[in-house]
Amino acid sequence: MNVAVLAGDGIGPEITTQAIKVLEVFKKEGLDLQFEYAPIGGAGFDAYGSPYPEATQNICRKADAVLLGAVGGPQYDNLDRPLRPERGLLAIRKDLNLFANLRPAILYPELANASSLKPEIVAGLDIMIVRELTGDIYFGEPRGIQTNDKGEQEGINTMRYCESEIKRIAHIAFQIAQKRHKKVCSVDKANVLETTELWRQIFTQISKEYPDVELSHMYVDNAAMQLVRAPKQFDVIATGNIFGDILSDEASMLTGSIGMLPSASLNETGKGLYEPSHGSAPDIAGQDKANPLATILSAAMMLRYSFHQEDAAKRIETAVQKVLQAGLRTPDIHEDGCQLVGCNNMGDAVVNAL
Ligand code: NAD
């Protein structure tokens, strides 16, 4: 189990250190985890003049999974676009063909007050959004801005999905649902967009291979509404790139605590990139204030989805919950009556709970 560790920028090094501490517990217990470190983002630019340097590419291609902190920082904002840290992320996703993005929106009962919604609507929320990441209107051709027959400027993007792209993301969604509450809600706009009419047909067809999973369909406008009206009705939401982009941000905000949310991006062989949903938080970098739990939970996803270590993944998630139950909080999730801890102590607490 070779893991490429890309700490990145800002709080990236602090939070990945905590996740590695947690993974070391399993290594000591006999899990054959090997870590290889490489720079990405601004750190890649500083070391090699590129946000996704060749040395990092080689390590990531060889690895079975990648654990990433975060990239970006104000010192890189004036670089030419191809050299900016965020380009490193786009490049690694493309390089490793990571077409399936998994973003859980989980609200631990202890943090129900962090949400902007009423606690009874969100407490215990546990949704998994499966978003297709390499197709759709973000990549479809033709695209661009051109002058039309009337001499007017016209912007064009093309929504496209082919059968094979829809099939592979459908399989991922059904397989994930099998490990959860066995419900997939496929989100589309099949009443208006032919691309998503095909999406709906193929999801219906693939669902026959997963008789234990219940498939439902929902239009994206309704899904956006249902997510804030009654979000606990969802188990797995599967959708295309643009709808997933919007709905996953909406769902993550239901939880109110960005420092808690992990993510995974997988390719066809189960190789994955695991990272917190938040950015590099330059405002708190190097101050031992960052919440490492999203990264620790990303490591749990890595054990589950790339290494099939369900028990180990569950143990990490339970340890995180225990730490929250014990009242430990980093500043971003702190409330009266809880014990304020830094990034490092939070990592230690999870290790102790394990
Ligand atoms: P951000 O997610 O870095 O920060 C937003 C706010 O949330 C900040 O106040 C920050 O302090 C807080 N925050 C984020 N993560 C936290 C954590 N683990 N614990 C406690 N507080 C946390 O988003 P931003 O400020 O818009 O962007 C900062 C930089 O990160 C930019 O350079 C941006 O391009 C980059 N970015 C990177 C990624 C990524 O690496 N995947 C994602 C988003 C933004």
# chains A, B, ... in the order shown; residues from 1 in each chain; ligands from 1

$ residues_around --residues "stretch 23-26 of chain A" --least-positions-apart "5" --cutoff "9 Å" --atoms "only C-alpha atoms" --output "PyMOL selection string"
chain A and resi 18+31-33+296+299-300+312+351+354

$ closest_atom_pairs --of "chain A" --to "ligand 1" --cutoff "7 Å" --atoms "only C-alpha atoms and all ligand atoms" --output "JSON lines"
{"residue": "A:Gly69", "atom": "CA", "partner": "ligand 1", "partner_atom_place_in_ligand_line": "40 (O)", "distance": 6.8}
{"residue": "A:Ala70", "atom": "CA", "partner": "ligand 1", "partner_atom_place_in_ligand_line": "40 (O)", "distance": 3.4}
{"residue": "A:Val71", "atom": "CA", "partner": "ligand 1", "partner_atom_place_in_ligand_line": "40 (O)", "distance": 3.9}
{"residue": "A:Gly72", "atom": "CA", "partner": "ligand 1", "partner_atom_place_in_ligand_line": "32 (O)", "distance": 3.4}
{"residue": "A:Gly73", "atom": "CA", "partner": "ligand 1", "partner_atom_place_in_ligand_line": "32 (O)", "distance": 4.1}
{"residue": "A:Pro74", "atom": "CA", "partner": "ligand 1", "partner_atom_place_in_ligand_line": "32 (O)", "distance": 6.1}
{"residue": "A:Glu86", "atom": "CA", "partner": "ligand 1", "partner_atom_place_in_ligand_line": "34 (O)", "distance": 6.1}
{"residue": "A:Ile258", "atom": "CA", "partner": "ligand 1", "partner_atom_place_in_ligand_line": "15 (N)", "distance": 6.1}
{"residue": "A:Gly259", "atom": "CA", "partner": "ligand 1", "partner_atom_place_in_ligand_line": "18 (N)", "distance": 3.9}
{"residue": "A:Ser277", "atom": "CA", "partner": "ligand 1", "partner_atom_place_in_ligand_line": "41 (N)", "distance": 6.2}
{"residue": "A:His278", "atom": "CA", "partner": "ligand 1", "partner_atom_place_in_ligand_line": "2 (O)", "distance": 3.8}
{"residue": "A:Gly279", "atom": "CA", "partner": "ligand 1", "partner_atom_place_in_ligand_line": "3 (O)", "distance": 3.2}
{"residue": "A:Ser280", "atom": "CA", "partner": "ligand 1", "partner_atom_place_in_ligand_line": "30 (O)", "distance": 4.1}
{"residue": "A:Ala281", "atom": "CA", "partner": "ligand 1", "partner_atom_place_in_ligand_line": "3 (O)", "distance": 3.4}
{"residue": "A:Pro282", "atom": "CA", "partner": "ligand 1", "partner_atom_place_in_ligand_line": "28 (C)", "distance": 5.9}
{"residue": "A:Asp283", "atom": "CA", "partner": "ligand 1", "partner_atom_place_in_ligand_line": "11 (O)", "distance": 5.4}
{"residue": "A:Ile284", "atom": "CA", "partner": "ligand 1", "partner_atom_place_in_ligand_line": "11 (O)", "distance": 5.4}
{"residue": "A:Lys289", "atom": "CA", "partner": "ligand 1", "partner_atom_place_in_ligand_line": "20 (C)", "distance": 6.5}
{"residue": "A:Ala290", "atom": "CA", "partner": "ligand 1", "partner_atom_place_in_ligand_line": "19 (N)", "distance": 3.7}
{"residue": "A:Asn291", "atom": "CA", "partner": "ligand 1", "partner_atom_place_in_ligand_line": "19 (N)", "distance": 3.7}
{"residue": "A:Pro292", "atom": "CA", "partner": "ligand 1", "partner_atom_place_in_ligand_line": "18 (N)", "distance": 5.6}
{"residue": "A:Ala294", "atom": "CA", "partner": "ligand 1", "partner_atom_place_in_ligand_line": "18 (N)", "distance": 6.7}
{"residue": "A:Pro331", "atom": "CA", "partner": "ligand 1", "partner_atom_place_in_ligand_line": "20 (C)", "distance": 6.9}
{"residue": "A:Asp332", "atom": "CA", "partner": "ligand 1", "partner_atom_place_in_ligand_line": "20 (C)", "distance": 5.0}

$ write_last_selection --atoms "N, CA, C and O atoms" --output "JSON list (two decimals), in the first residue's frame"
[["chain", "number", "residue", "atom", "x", "y", "z"],
["A", 69, "GLY", "N", -2.81, 17.49, 1.12],
["A", 69, "GLY", "CA", -3.25, 18.49, 2.09],
["A", 69, "GLY", "C", -4.09, 19.54, 1.38],
["A", 69, "GLY", "O", -5.29, 19.38, 1.20],
["A", 70, "ALA", "N", -3.46, 20.59, 0.94],
["A", 70, "ALA", "CA", -4.17, 21.64, 0.19],
["A", 70, "ALA", "C", -3.12, 22.46, -0.54],
["A", 70, "ALA", "O", -1.94, 22.42, -0.19],
["A", 71, "VAL", "N", -3.57, 23.20, -1.56],
["A", 71, "VAL", "CA", -2.61, 24.03, -2.30],
["A", 71, "VAL", "C", -3.09, 25.48, -2.36],
["A", 71, "VAL", "O", -4.28, 25.75, -2.19],
["A", 72, "GLY", "N", -2.16, 26.37, -2.60],
["A", 72, "GLY", "CA", -2.51, 27.77, -2.83],
["A", 72, "GLY", "C", -2.04, 28.69, -1.73],
["A", 72, "GLY", "O", -1.80, 28.27, -0.59],
["A", 73, "GLY", "N", -1.88, 29.96, -2.10],
["A", 73, "GLY", "CA", -1.46, 30.97, -1.13],
["A", 73, "GLY", "C", -1.29, 32.29, -1.85],
["A", 73, "GLY", "O", -1.02, 32.30, -3.06],
["A", 74, "PRO", "N", -1.44, 33.39, -1.12],
["A", 74, "PRO", "CA", -1.39, 34.71, -1.76],
["A", 74, "PRO", "C", -0.07, 34.98, -2.48],
["A", 74, "PRO", "O", -0.05, 35.71, -3.47],
["A", 86, "GLU", "N", -3.17, 25.93, -8.04],
["A", 86, "GLU", "CA", -4.42, 25.22, -8.33],
["A", 86, "GLU", "C", -4.30, 24.40, -9.62],
["A", 86, "GLU", "O", -5.00, 23.40, -9.80],
["A", 258, "ILE", "N", -16.38, 23.39, 7.56],
["A", 258, "ILE", "CA", -15.57, 22.97, 6.41],
["A", 258, "ILE", "C", -14.34, 22.15, 6.84],
["A", 258, "ILE", "O", -13.86, 21.30, 6.10],
["A", 259, "GLY", "N", -13.88, 22.36, 8.06],
["A", 259, "GLY", "CA", -12.71, 21.63, 8.55],
["A", 259, "GLY", "C", -12.99, 20.16, 8.84],
["A", 259, "GLY", "O", -12.10, 19.43, 9.26],
["A", 277, "SER", "N", -11.95, 18.82, 1.89],
["A", 277, "SER", "CA", -12.70, 19.64, 0.93],
["A", 277, "SER", "C", -12.30, 21.10, 0.99],
["A", 277, "SER", "O", -12.62, 21.87, 0.11],
["A", 278, "HIS", "N", -11.60, 21.49, 2.06],
["A", 278, "HIS", "CA", -11.25, 22.91, 2.19],
["A", 278, "HIS", "C", -9.93, 23.23, 1.50],
["A", 278, "HIS", "O", -9.24, 22.34, 0.99],
["A", 279, "GLY", "N", -9.55, 24.53, 1.51],
["A", 279, "GLY", "CA", -8.31, 24.96, 0.88],
["A", 279, "GLY", "C", -7.17, 25.06, 1.87],
["A", 279, "GLY", "O", -7.19, 24.43, 2.95],
["A", 280, "SER", "N", -6.18, 25.87, 1.53],
["A", 280, "SER", "CA", -4.93, 25.90, 2.30],
["A", 280, "SER", "C", -4.97, 26.88, 3.48],
["A", 280, "SER", "O", -3.97, 27.01, 4.19],
["A", 281, "ALA", "N", -6.09, 27.58, 3.65],
["A", 281, "ALA", "CA", -6.31, 28.48, 4.80],
["A", 281, "ALA", "C", -5.07, 29.29, 5.18],
["A", 281, "ALA", "O", -4.59, 29.18, 6.32],
["A", 282, "PRO", "N", -4.56, 30.10, 4.27],
["A", 282, "PRO", "CA", -3.32, 30.85, 4.59],
["A", 282, "PRO", "C", -3.47, 31.74, 5.82],
["A", 282, "PRO", "O", -2.48, 32.01, 6.50],
["A", 283, "ASP", "N", -4.72, 32.14, 6.11],
["A", 283, "ASP", "CA", -4.93, 33.04, 7.27],
["A", 283, "ASP", "C", -4.57, 32.39, 8.60],
["A", 283, "ASP", "O", -4.29, 33.09, 9.58],
["A", 284, "ILE", "N", -4.56, 31.07, 8.68],
["A", 284, "ILE", "CA", -4.23, 30.42, 9.96],
["A", 284, "ILE", "C", -3.03, 29.48, 9.84],
["A", 284, "ILE", "O", -2.71, 28.76, 10.79],
["A", 289, "LYS", "N", -3.70, 26.11, 14.43],
["A", 289, "LYS", "CA", -5.13, 26.37, 14.64],
["A", 289, "LYS", "C", -6.00, 25.54, 13.70],
["A", 289, "LYS", "O", -7.22, 25.55, 13.84],
["A", 290, "ALA", "N", -5.39, 24.90, 12.71],
["A", 290, "ALA", "CA", -6.20, 24.22, 11.69],
["A", 290, "ALA", "C", -6.86, 22.97, 12.26],
["A", 290, "ALA", "O", -6.31, 22.29, 13.13],
["A", 291, "ASN", "N", -8.03, 22.68, 11.74],
["A", 291, "ASN", "CA", -8.74, 21.46, 12.10],
["A", 291, "ASN", "C", -8.22, 20.33, 11.19],
["A", 291, "ASN", "O", -8.39, 20.39, 9.98],
["A", 292, "PRO", "N", -7.59, 19.31, 11.76],
["A", 292, "PRO", "CA", -7.04, 18.24, 10.91],
["A", 292, "PRO", "C", -8.04, 17.12, 10.62],
["A", 292, "PRO", "O", -7.70, 16.15, 9.94],
["A", 294, "ALA", "N", -10.76, 16.78, 8.77],
["A", 294, "ALA", "CA", -11.13, 16.48, 7.37],
["A", 294, "ALA", "C", -10.04, 15.63, 6.71],
["A", 294, "ALA", "O", -10.34, 14.72, 5.92],
["A", 331, "PRO", "N", -10.42, 25.70, 16.89],
["A", 331, "PRO", "CA", -11.13, 26.99, 16.94],
["A", 331, "PRO", "C", -12.32, 27.08, 15.97],
["A", 331, "PRO", "O", -13.34, 27.71, 16.29],
["A", 332, "ASP", "N", -12.22, 26.48, 14.78],
["A", 332, "ASP", "CA", -13.29, 26.62, 13.77],
["A", 332, "ASP", "C", -14.60, 26.00, 14.21],
["A", 332, "ASP", "O", -15.66, 26.38, 13.71]]

$ atom_distance --atom1 "atom CA of A:Arg87" --atom2 "atom CA of A:Thr239"
24.1 Å

$ select_by_dssp --residues "stretch 161-310 of chain A" --states "strand (DSSP E)" --output "NGL selection string"
:A and (183-188 or 214-219 or 236-239 or 262-266 or 272-276)

$ write_last_selection --atoms "N, CA and C atoms" --output "short mmCIF file (atom, residue, chain, number, x, y, z; two decimals), in the first residue's frame"
data_model
loop_
_atom_site.label_atom_id
_atom_site.label_comp_id
_atom_site.auth_asym_id
_atom_site.auth_seq_id
_atom_site.Cartn_x
_atom_site.Cartn_y
_atom_site.Cartn_z
N LYS A 183 -29.25 3.20 -1.16
CA LYS A 183 -30.16 4.06 -1.93
C LYS A 183 -29.33 5.00 -2.80
N VAL A 184 -29.65 5.05 -4.11
CA VAL A 184 -29.01 6.02 -5.00
C VAL A 184 -30.08 6.96 -5.54
N CYS A 185 -29.86 8.25 -5.41
CA CYS A 185 -30.72 9.22 -6.07
C CYS A 185 -29.89 9.83 -7.21
N SER A 186 -30.30 9.55 -8.43
CA SER A 186 -29.60 10.10 -9.59
C SER A 186 -30.23 11.45 -9.92
N VAL A 187 -29.39 12.47 -10.02
CA VAL A 187 -29.90 13.83 -10.22
C VAL A 187 -29.61 14.27 -11.65
N ASP A 188 -30.65 14.75 -12.34
CA ASP A 188 -30.49 15.16 -13.73
C ASP A 188 -31.45 16.29 -14.05
N GLU A 214 -31.77 0.64 -4.13
CA GLU A 214 -32.98 1.32 -4.64
C GLU A 214 -32.54 2.58 -5.40
N LEU A 215 -32.99 2.68 -6.66
CA LEU A 215 -32.65 3.86 -7.47
C LEU A 215 -33.86 4.79 -7.56
N SER A 216 -33.62 6.08 -7.35
CA SER A 216 -34.66 7.08 -7.63
C SER A 216 -34.03 8.16 -8.50
N HIS A 217 -34.87 8.96 -9.14
CA HIS A 217 -34.38 10.05 -9.99
C HIS A 217 -34.97 11.36 -9.49
N MET A 218 -34.19 12.42 -9.61
CA MET A 218 -34.70 13.72 -9.17
C MET A 218 -34.14 14.80 -10.09
N TYR A 219 -34.96 15.77 -10.44
CA TYR A 219 -34.45 16.90 -11.22
C TYR A 219 -33.58 17.77 -10.33
N VAL A 236 -26.98 8.12 -1.17
CA VAL A 236 -26.00 8.50 -2.20
C VAL A 236 -26.71 9.36 -3.25
N ILE A 237 -26.12 10.50 -3.56
CA ILE A 237 -26.60 11.33 -4.67
C ILE A 237 -25.57 11.18 -5.79
N ALA A 238 -26.02 10.77 -6.98
CA ALA A 238 -25.08 10.62 -8.10
C ALA A 238 -25.44 11.62 -9.18
N THR A 239 -24.46 12.35 -9.65
CA THR A 239 -24.78 13.36 -10.65
C THR A 239 -23.58 13.75 -11.49
N PRO A 262 -14.10 15.39 4.39
CA PRO A 262 -13.09 14.75 3.55
C PRO A 262 -13.58 14.64 2.10
N SER A 263 -12.72 14.16 1.22
CA SER A 263 -13.17 13.84 -0.14
C SER A 263 -12.23 12.83 -0.75
N ALA A 264 -12.76 12.17 -1.80
CA ALA A 264 -11.95 11.20 -2.54
C ALA A 264 -12.23 11.39 -4.01
N SER A 265 -11.22 11.19 -4.85
CA SER A 265 -11.43 11.16 -6.30
C SER A 265 -10.79 9.88 -6.81
N LEU A 266 -11.60 9.06 -7.48
CA LEU A 266 -11.14 7.71 -7.84
C LEU A 266 -11.01 7.53 -9.35
N GLY A 272 -6.89 6.31 -5.83
CA GLY A 272 -7.60 7.53 -5.48
C GLY A 272 -6.72 8.62 -4.93
N LEU A 273 -7.25 9.82 -5.03
CA LEU A 273 -6.64 11.00 -4.42
C LEU A 273 -7.57 11.41 -3.27
N TYR A 274 -7.00 11.50 -2.09
CA TYR A 274 -7.80 11.78 -0.89
C TYR A 274 -7.37 13.10 -0.30
N GLU A 275 -8.31 13.99 -0.08
CA GLU A 275 -7.96 15.34 0.39
C GLU A 275 -9.14 15.96 1.13
N PRO A 276 -8.85 16.90 2.03
CA PRO A 276 -9.96 17.60 2.66
C PRO A 276 -10.68 18.47 1.63
#

$ closest_atom_pairs --of "stretch 32-141 of chain A" --to "stretch 314-328 of chain A" --cutoff "9 Å" --atoms "only C-alpha atoms" --output "JSON lines"
{"residue": "A:Tyr108", "atom": "CA", "partner": "A:Gln321", "partner_atom": "CA", "distance": 7.2}
{"residue": "A:Glu110", "atom": "CA", "partner": "A:Gln325", "partner_atom": "CA", "distance": 6.5}
{"residue": "A:Leu111", "atom": "CA", "partner": "A:Leu324", "partner_atom": "CA", "distance": 8.2}

$ residues_around --residues "A:Ser252" --least-positions-apart "2" --cutoff "9 Å" --atoms "only C-alpha atoms" --output "MDAnalysis selection string"
chainID A and resid 103:106 247:250 254:258 261 277

$ closest_atom_pairs --of "stretch 54-136 of chain A" --to "stretch 167-181 of chain A" --cutoff "9 Å" --atoms "only C-alpha atoms" --output "tab-separated table"
residue	atom	partner	partner_atom	distance
A:Phe99	CA	A:Ile169	CA	7.7
A:Ala100	CA	A:Ile169	CA	6.4
A:Met128	CA	A:Ile176	CA	8.7
A:Ile129	CA	A:Ala173	CA	8.8
A:Val130	CA	A:Ala173	CA	6.3
A:Arg131	CA	A:Ile169	CA	8.0
A:Glu132	CA	A:Ile169	CA	6.4

$ closest_residue --among "A:Gln75, A:Asn113, A:Thr16, A:Ser207" --to "A:His334" --atoms "only C-alpha atoms"
A:Asn113

$ select_by_dssp --residues "stretch 31-105 of chain A" --states "alpha helix (DSSP H)" --output "ChimeraX atom specification"
/A:42-48,54-62,85-95

$ closest_residue --among "A:Ala63, A:Leu89, A:Ile15, A:Ile127" --to "A:Leu293" --atoms "only C-alpha atoms"
A:Ile15

$ closest_residue --among "A:Leu68, A:Ala19, A:Asp9, A:Leu96" --to "A:Asp46" --atoms "only C-alpha atoms"
A:Asp9

$ closest_residue --among "A:Gly144, A:Leu303, A:Thr134, A:Ala285" --to "A:Gly8" --atoms "only C-alpha atoms"
A:Ala285
